[in-house]
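All remarks here apply to the structure that follows.
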Amino acid sequence: MAVWFVTGASSGLGRAVVEILLARGDRVAATARNKDALAGLAGRYPDRVWTDSMDVTDTNAIRAVVARAFAEFSRIDVILSNAGRRAFGSAEDLSDEMISEQIALHMTGPMQLVRAVLPYLRKQGGGRIIQTTGMDAQIGLLGGTVYHASKWGAEGFFESLIPEVAPFGIGVTMVAPGNVRTGYGEATVIADPSEAYAATPVGRVGRYLLAHGGNLVASVQGDPVKVAAAIVDSATTDPAPRRIVLGSDAYLAIHATLTARLAELEEGRSSAIATDLTG
């Protein structure tokens, strides 16, 4: 029986993961911005789920909740950092508040969560950290400037973290799902297209999102239960996979992006080498 700590546990993939864990007999420290949204879990599994309110954009709250969770369970085997929501709009149309929130939700928050749990994981002799980054951390789409920036920034942090914590028996995995049939799209914050961008592609997509409740993809193929099960299974894979891609759309999008990037790199090989010192 494992013990998990999960952020964003009230809905979407976070909730699906928690449901799987509790159904199979694990114990969970489930957190969400609104603790009331977790009341149903606590009522059904009073002996195996512990809940608390936590705003992942509040560093002091993160540290306090992590301390309470480890005091409750003594040992926590897996940390799943999953909270977030998407912002859409041209770089000019995004508000300062939208930019700050995206960076705090997807980059600063996960970084501070890791910093809060590491002393406990080191003391107990190891553990697993799983961070949901999405295919959005590998690609770039119009209207997603700050959203992609926050996801790419998080991946840079976790790429560097992996060799740092490996000596302590701590494994790190980044999860890259594609579009999954959850309510994630409905939580999208959308900037109103300004007159300058109204007739451009980003303006047209923005109006579409506003009219369709934030859902960009008409037919989403990602199965939330299957994606959640794959996340749960990754926690027992040894060694910890650096990254797992979930969903055919994620695979195709990331593959196309990396292939094009590698081709661009090869095209610039001679000019790259030409800038070395000679002699």
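Residue names in the structure tokens use chain letters A, B, ... in the order shown, residue numbers from 1 in each chain, and ligand numbers from 1 in the order shown.
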Within 12 Å of Ala64 (chain A), counting only C-alpha atoms, which residues qualify if same-chain residues fewer than 2 places away don't, as JSON, numbers by chain? {"A": [52, 53, 54, 55, 56, 58, 59, 60, 61, 62, 66, 67, 68, 69, 70, 71, 112, 113, 116, 117]}
Just the selected residues (all heavy atoms), exported as a compact mmCIF listing (two decimals), in the first residue's frame, please.
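again.txt was written with the following content:
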# COMPACT_ATOMS: atom_id res chain seq x y z
N ASP A 52 -6.91 18.62 2.33
CA ASP A 52 -6.54 19.95 2.81
C ASP A 52 -6.67 20.94 1.66
O ASP A 52 -6.54 20.57 0.48
CB ASP A 52 -5.12 19.96 3.37
CG ASP A 52 -4.91 21.02 4.44
OD1 ASP A 52 -5.75 21.94 4.53
OD2 ASP A 52 -3.91 20.94 5.17
N SER A 53 -6.90 22.19 2.00
CA SER A 53 -6.94 23.25 1.00
C SER A 53 -5.52 23.73 0.73
O SER A 53 -4.74 23.92 1.66
CB SER A 53 -7.79 24.43 1.50
OG SER A 53 -9.12 24.04 1.74
N MET A 54 -5.20 23.90 -0.55
CA MET A 54 -3.88 24.42 -0.88
C MET A 54 -3.93 25.16 -2.21
O MET A 54 -4.33 24.61 -3.23
CB MET A 54 -2.84 23.29 -0.98
CG MET A 54 -1.42 23.83 -1.12
SD MET A 54 -0.17 22.52 -1.13
CE MET A 54 -0.31 21.92 -2.81
N ASP A 55 -3.51 26.41 -2.18
CA ASP A 55 -3.35 27.22 -3.38
C ASP A 55 -1.90 27.09 -3.82
O ASP A 55 -1.00 27.53 -3.11
CB ASP A 55 -3.70 28.67 -3.05
CG ASP A 55 -3.60 29.60 -4.26
OD1 ASP A 55 -3.07 29.16 -5.31
OD2 ASP A 55 -4.04 30.75 -4.15
N VAL A 56 -1.66 26.47 -4.97
CA VAL A 56 -0.29 26.21 -5.39
C VAL A 56 0.46 27.47 -5.78
O VAL A 56 1.67 27.41 -6.04
CB VAL A 56 -0.23 25.17 -6.54
CG1 VAL A 56 -0.78 23.84 -6.10
CG2 VAL A 56 -0.94 25.69 -7.78
N ASP A 58 0.64 29.91 -3.66
CA ASP A 58 0.99 30.47 -2.35
C ASP A 58 2.09 29.59 -1.73
O ASP A 58 1.81 28.51 -1.21
CB ASP A 58 -0.26 30.49 -1.46
CG ASP A 58 -0.03 31.13 -0.10
OD1 ASP A 58 1.14 31.20 0.35
OD2 ASP A 58 -1.02 31.53 0.54
N THR A 59 3.31 30.06 -1.77
CA THR A 59 4.45 29.26 -1.29
C THR A 59 4.32 28.90 0.18
O THR A 59 4.61 27.77 0.58
CB THR A 59 5.76 30.01 -1.55
OG1 THR A 59 5.92 30.23 -2.95
CG2 THR A 59 6.95 29.20 -1.04
N ASN A 60 3.90 29.85 1.01
CA ASN A 60 3.76 29.55 2.44
C ASN A 60 2.70 28.48 2.69
O ASN A 60 2.87 27.61 3.56
CB ASN A 60 3.41 30.82 3.21
CG ASN A 60 4.58 31.79 3.29
OD1 ASN A 60 5.73 31.38 3.27
ND2 ASN A 60 4.28 33.07 3.36
N ALA A 61 1.63 28.53 1.90
CA ALA A 61 0.58 27.52 2.04
C ALA A 61 1.10 26.15 1.63
O ALA A 61 0.80 25.14 2.27
CB ALA A 61 -0.64 27.90 1.19
N ILE A 62 1.90 26.09 0.57
CA ILE A 62 2.48 24.83 0.12
C ILE A 62 3.30 24.20 1.25
O ILE A 62 3.14 23.02 1.57
CB ILE A 62 3.36 25.04 -1.12
CG1 ILE A 62 2.51 25.37 -2.34
CG2 ILE A 62 4.21 23.79 -1.40
CD1 ILE A 62 3.31 25.78 -3.56
N VAL A 66 2.30 20.66 3.13
CA VAL A 66 3.24 19.55 3.03
C VAL A 66 3.66 19.08 4.41
O VAL A 66 3.71 17.87 4.69
CB VAL A 66 4.48 19.96 2.19
CG1 VAL A 66 5.62 18.96 2.36
CG2 VAL A 66 4.10 20.07 0.72
N ALA A 67 3.94 20.02 5.31
CA ALA A 67 4.33 19.65 6.67
C ALA A 67 3.21 18.89 7.37
O ALA A 67 3.46 17.88 8.05
CB ALA A 67 4.70 20.90 7.46
N ARG A 68 1.97 19.35 7.20
CA ARG A 68 0.84 18.66 7.83
C ARG A 68 0.64 17.26 7.25
O ARG A 68 0.33 16.31 7.97
CB ARG A 68 -0.44 19.49 7.68
CG ARG A 68 -0.48 20.76 8.51
CD ARG A 68 -1.87 21.32 8.64
NE ARG A 68 -2.40 21.85 7.39
CZ ARG A 68 -2.27 23.11 7.00
NH1 ARG A 68 -1.58 23.97 7.74
NH2 ARG A 68 -2.81 23.52 5.86
N ALA A 69 0.82 17.14 5.93
CA ALA A 69 0.62 15.83 5.28
C ALA A 69 1.65 14.81 5.76
O ALA A 69 1.31 13.66 6.06
CB ALA A 69 0.69 15.99 3.76
N PHE A 70 2.91 15.22 5.83
CA PHE A 70 3.94 14.29 6.30
C PHE A 70 3.78 13.98 7.78
O PHE A 70 4.10 12.87 8.22
CB PHE A 70 5.33 14.84 6.00
CG PHE A 70 5.83 14.50 4.61
CD1 PHE A 70 5.61 15.37 3.56
CD2 PHE A 70 6.50 13.32 4.37
CE1 PHE A 70 6.05 15.06 2.28
CE2 PHE A 70 6.95 12.99 3.10
CZ PHE A 70 6.73 13.86 2.04
N ALA A 71 3.26 14.91 8.54
CA ALA A 71 2.98 14.63 9.95
C ALA A 71 1.85 13.62 10.08
O ALA A 71 1.86 12.76 10.97
CB ALA A 71 2.61 15.93 10.68
N GLN A 112 8.23 25.22 -6.05
CA GLN A 112 8.16 25.39 -4.59
C GLN A 112 7.62 24.13 -3.91
O GLN A 112 8.03 23.81 -2.78
CB GLN A 112 7.29 26.61 -4.24
CG GLN A 112 7.89 27.94 -4.69
CD GLN A 112 9.16 28.31 -3.94
OE1 GLN A 112 9.75 27.51 -3.22
NE2 GLN A 112 9.62 29.54 -4.13
N LEU A 113 6.73 23.41 -4.59
CA LEU A 113 6.27 22.14 -4.02
C LEU A 113 7.42 21.16 -3.90
O LEU A 113 7.59 20.49 -2.87
CB LEU A 113 5.16 21.54 -4.91
CG LEU A 113 4.65 20.16 -4.47
CD1 LEU A 113 4.03 20.21 -3.08
CD2 LEU A 113 3.65 19.62 -5.49
N ALA A 116 9.63 22.03 -1.09
CA ALA A 116 9.01 21.73 0.20
C ALA A 116 9.08 20.24 0.55
O ALA A 116 9.26 19.88 1.72
CB ALA A 116 7.55 22.19 0.19
N VAL A 117 8.95 19.36 -0.46
CA VAL A 117 8.90 17.92 -0.16
C VAL A 117 10.27 17.27 -0.11
O VAL A 117 10.43 16.21 0.54
CB VAL A 117 8.01 17.16 -1.18
CG1 VAL A 117 6.60 17.71 -1.18
CG2 VAL A 117 8.61 17.16 -2.58
May I have all residues of region 124-265 of chain A that DSSP, computed from the backbone, assigns to alpha helix (DSSP H), given as an MDAnalysis selection string? chainID A and resid 124 145:165 201:211 224:234 248:265
Next, write the just-selected residues to a file, as a PDB file, in the first residue's frame, keeping C-alpha atoms as the atom set.
ATOM      1  CA  GLN A 124      12.878   8.833   4.424  1.00  0.00           C
ATOM      2  CA  THR A 145       2.531  32.131 -25.445  1.00  0.00           C
ATOM      3  CA  VAL A 146       2.504  32.339 -21.646  1.00  0.00           C
ATOM      4  CA  TYR A 147       0.869  28.918 -21.186  1.00  0.00           C
ATOM      5  CA  HIS A 148       3.594  27.188 -23.204  1.00  0.00           C
ATOM      6  CA  ALA A 149       6.269  29.363 -21.598  1.00  0.00           C
ATOM      7  CA  SER A 150       5.201  28.255 -18.120  1.00  0.00           C
ATOM      8  CA  LYS A 151       5.121  24.584 -19.148  1.00  0.00           C
ATOM      9  CA  TRP A 152       8.499  24.755 -20.941  1.00  0.00           C
ATOM     10  CA  GLY A 153       9.979  26.491 -17.911  1.00  0.00           C
ATOM     11  CA  ALA A 154       8.743  23.741 -15.609  1.00  0.00           C
ATOM     12  CA  GLU A 155      10.317  21.060 -17.806  1.00  0.00           C
ATOM     13  CA  GLY A 156      13.651  22.872 -17.686  1.00  0.00           C
ATOM     14  CA  PHE A 157      13.505  22.783 -13.903  1.00  0.00           C
ATOM     15  CA  PHE A 158      12.621  19.084 -13.747  1.00  0.00           C
ATOM     16  CA  GLU A 159      15.216  18.087 -16.357  1.00  0.00           C
ATOM     17  CA  SER A 160      17.877  19.635 -14.142  1.00  0.00           C
ATOM     18  CA  LEU A 161      16.341  18.244 -10.964  1.00  0.00           C
ATOM     19  CA  ILE A 162      16.593  14.592 -12.066  1.00  0.00           C
ATOM     20  CA  PRO A 163      20.386  14.197 -11.637  1.00  0.00           C
ATOM     21  CA  GLU A 164      20.381  16.346  -8.496  1.00  0.00           C
ATOM     22  CA  VAL A 165      18.069  14.084  -6.494  1.00  0.00           C
ATOM     23  CA  PRO A 201      -5.843  33.534 -36.601  1.00  0.00           C
ATOM     24  CA  VAL A 202      -5.327  34.070 -32.863  1.00  0.00           C
ATOM     25  CA  GLY A 203      -8.323  36.407 -32.746  1.00  0.00           C
ATOM     26  CA  ARG A 204     -10.562  33.966 -34.592  1.00  0.00           C
ATOM     27  CA  VAL A 205      -9.531  31.081 -32.320  1.00  0.00           C
ATOM     28  CA  GLY A 206     -10.113  33.264 -29.274  1.00  0.00           C
ATOM     29  CA  ARG A 207     -13.671  34.026 -30.377  1.00  0.00           C
ATOM     30  CA  TYR A 208     -14.255  30.314 -31.032  1.00  0.00           C
ATOM     31  CA  LEU A 209     -13.086  29.446 -27.528  1.00  0.00           C
ATOM     32  CA  LEU A 210     -15.272  32.115 -25.991  1.00  0.00           C
ATOM     33  CA  ALA A 211     -18.251  30.677 -27.869  1.00  0.00           C
ATOM     34  CA  PRO A 224      -9.058  10.306 -18.521  1.00  0.00           C
ATOM     35  CA  VAL A 225      -9.263   6.924 -16.784  1.00  0.00           C
ATOM     36  CA  LYS A 226      -6.633   5.369 -19.060  1.00  0.00           C
ATOM     37  CA  VAL A 227      -4.371   8.400 -18.726  1.00  0.00           C
ATOM     38  CA  ALA A 228      -4.751   8.361 -14.941  1.00  0.00           C
ATOM     39  CA  ALA A 229      -3.993   4.626 -14.841  1.00  0.00           C
ATOM     40  CA  ALA A 230      -0.813   5.180 -16.877  1.00  0.00           C
ATOM     41  CA  ILE A 231       0.288   7.878 -14.433  1.00  0.00           C
ATOM     42  CA  VAL A 232      -0.315   5.533 -11.490  1.00  0.00           C
ATOM     43  CA  ASP A 233       1.590   2.708 -13.218  1.00  0.00           C
ATOM     44  CA  SER A 234       4.575   4.975 -13.918  1.00  0.00           C
ATOM     45  CA  SER A 248      -1.899   9.729 -29.933  1.00  0.00           C
ATOM     46  CA  ASP A 249      -2.321  13.484 -30.428  1.00  0.00           C
ATOM     47  CA  ALA A 250       0.493  14.174 -27.978  1.00  0.00           C
ATOM     48  CA  TYR A 251       2.762  11.637 -29.663  1.00  0.00           C
ATOM     49  CA  LEU A 252       2.125  13.033 -33.156  1.00  0.00           C
ATOM     50  CA  ALA A 253       2.463  16.683 -32.116  1.00  0.00           C
ATOM     51  CA  ILE A 254       5.668  16.149 -30.138  1.00  0.00           C
ATOM     52  CA  HIS A 255       7.158  13.901 -32.815  1.00  0.00           C
ATOM     53  CA  ALA A 256       6.483  16.484 -35.551  1.00  0.00           C
ATOM     54  CA  THR A 257       7.921  19.294 -33.441  1.00  0.00           C
ATOM     55  CA  LEU A 258      11.101  17.449 -32.464  1.00  0.00           C
ATOM     56  CA  THR A 259      11.647  16.166 -36.016  1.00  0.00           C
ATOM     57  CA  ALA A 260      11.378  19.680 -37.433  1.00  0.00           C
ATOM     58  CA  ARG A 261      13.662  21.042 -34.711  1.00  0.00           C
ATOM     59  CA  LEU A 262      16.289  18.394 -35.386  1.00  0.00           C
ATOM     60  CA  ALA A 263      16.144  19.161 -39.112  1.00  0.00           C
ATOM     61  CA  GLU A 264      16.691  22.862 -38.374  1.00  0.00           C
ATOM     62  CA  LEU A 265      19.633  21.975 -36.137  1.00  0.00           C
TER      63      LEU A 265
END
Between CA of Thr173 (chain A) and CA of Lys35 (chain A), what is the distance in Å, rounded to a tenth?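 Spanning CA of Thr173 (chain A) to CA of Lys35 (chain A) is a straight-line distance of 26.6 Å.
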Counting only C-alpha atoms, the option among A:Thr236, A:Arg63, A:Thr57, A:His212 closest to Ser100 (chain A):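 Checking each candidate against Ser100 (chain A), we get A:Thr57 as the closest.
Residues surrounding Thr51 (chain A) within 6 Å are Ala29, Ala30 and Thr31 of chain A [only C-alpha atoms; sequence separation below 2 positions excluded].
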Residues as selected, all heavy atoms, written as a PDB file, in the first residue's frame, can you do that?
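Contents of part-v3.pdb, freshly written:
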ATOM      1  N   ALA A  29      -3.077  11.850   0.330  1.00  0.00           N
ATOM      2  CA  ALA A  29      -3.220  13.220   0.818  1.00  0.00           C
ATOM      3  C   ALA A  29      -3.679  14.027  -0.388  1.00  0.00           C
ATOM      4  O   ALA A  29      -2.897  14.307  -1.289  1.00  0.00           O
ATOM      5  CB  ALA A  29      -1.893  13.744   1.354  1.00  0.00           C
ATOM      6  N   ALA A  30      -4.966  14.348  -0.434  1.00  0.00           N
ATOM      7  CA  ALA A  30      -5.561  15.017  -1.590  1.00  0.00           C
ATOM      8  C   ALA A  30      -5.724  16.501  -1.286  1.00  0.00           C
ATOM      9  O   ALA A  30      -6.317  16.875  -0.270  1.00  0.00           O
ATOM     10  CB  ALA A  30      -6.918  14.394  -1.920  1.00  0.00           C
ATOM     11  N   THR A  31      -5.209  17.342  -2.176  1.00  0.00           N
ATOM     12  CA  THR A  31      -5.300  18.784  -1.963  1.00  0.00           C
ATOM     13  C   THR A  31      -5.944  19.465  -3.163  1.00  0.00           C
ATOM     14  O   THR A  31      -5.861  18.986  -4.288  1.00  0.00           O
ATOM     15  CB  THR A  31      -3.914  19.409  -1.712  1.00  0.00           C
ATOM     16  OG1 THR A  31      -3.150  19.411  -2.939  1.00  0.00           O
ATOM     17  CG2 THR A  31      -3.143  18.648  -0.646  1.00  0.00           C
TER      18      THR A  31
END
List as an mmCIF file with C-alpha atoms, in the first residue's frame the protein and nucleic acid residues near Leu105 (chain A), meaning an atom at most 7 Å away when only C-alpha atoms are counted, but skip any in the same chain fewer than 2 places from it.
data_model
loop_
_atom_site.group_PDB
_atom_site.id
_atom_site.type_symbol
_atom_site.label_atom_id
_atom_site.label_comp_id
_atom_site.auth_asym_id
_atom_site.auth_seq_id
_atom_site.Cartn_x
_atom_site.Cartn_y
_atom_site.Cartn_z
ATOM 1 C CA VAL A 56 -0.289 26.206 -5.388
ATOM 2 C CA THR A 57 0.466 29.868 -6.096
ATOM 3 C CA GLY A 84 -3.234 24.107 -13.360
ATOM 4 C CA GLU A 101 -1.038 33.404 -12.689
ATOM 5 C CA GLN A 102 0.219 31.084 -15.442
ATOM 6 C CA ILE A 103 3.825 31.346 -14.280
ATOM 7 C CA MET A 107 6.264 26.872 -12.983
ATOM 8 C CA THR A 108 6.813 28.607 -9.638
ATOM 9 C CA GLY A 109 4.211 26.489 -7.817
#
Of the residues A:Ser95, A:Ile139, A:Arg85, A:Asp77, which is the one nearest to Gly126 (chain A), using only C-alpha atoms?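 Ranking A:Ser95, A:Ile139, A:Arg85, A:Asp77 by distance to Gly126 (chain A), first place goes to A:Asp77.
Counting only C-alpha atoms, the residue from A:Leu142, A:Ala32, A:Ile273, A:Ile129 that sits nearest to Ser11 (chain A) is A:Ala32.
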Length of the CA of Lys123 (chain A) to CA of Gly169 (chain A) vector [Å]: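 Interatomic distance here is 10.6 Å.
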Would you compute the distance between CA of Ala191 (chain A) and CA of Asp93 (chain A)? Give it in Å to one decimal.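 So the answer is 6.1 Å.
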Give me every strand (DSSP E) residue in region 90-136 of chain A, going by DSSP on the backbone, as an MDAnalysis selection string. chainID A and resid 127:132
Report as a ChimeraX atom specification all protein, DNA and RNA residues lying within 8 Å of Val6 (chain A), evaluated on only C-alpha atoms, omitting residues in the same chain fewer than 4 positions from it. /A:14,18,28-31,79-82
Skip Ile76 (chain A) itself and residues of its chain fewer than 6 positions away, then list as a ChimeraX atom specification all residues within 8 Å of it, counting only C-alpha atoms. /A:2-5,70,121,127
Deliver the residues from the most recent selection as a file, using C-alpha atoms, as a PDB file, in the first residue's frame.
ATOM      1  CA  ALA A   2       1.505   3.298  -1.147  1.00  0.00           C
ATOM      2  CA  VAL A   3       0.860   6.829   0.083  1.00  0.00           C
ATOM      3  CA  TRP A   4       0.401   9.610  -2.486  1.00  0.00           C
ATOM      4  CA  PHE A   5       0.265  13.410  -2.218  1.00  0.00           C
ATOM      5  CA  PHE A  70       3.940  14.288   6.298  1.00  0.00           C
ATOM      6  CA  LEU A 121      11.873  12.497   0.805  1.00  0.00           C
ATOM      7  CA  GLY A 127      10.386   8.599  -3.204  1.00  0.00           C
TER       8      GLY A 127
END
What lies within 9 Å of Gly134 (chain A) using only C-alpha atoms, ignoring chain neighbours under 2 positions off, as a list in words?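 Counting only the stated atoms, we get Thr132, Asp136, Ala137, Gln138, Lys151, Met174, Val175, Ala176, Pro177, Gly178, Asn179, Val245, Leu246 and Ala250 of chain A.
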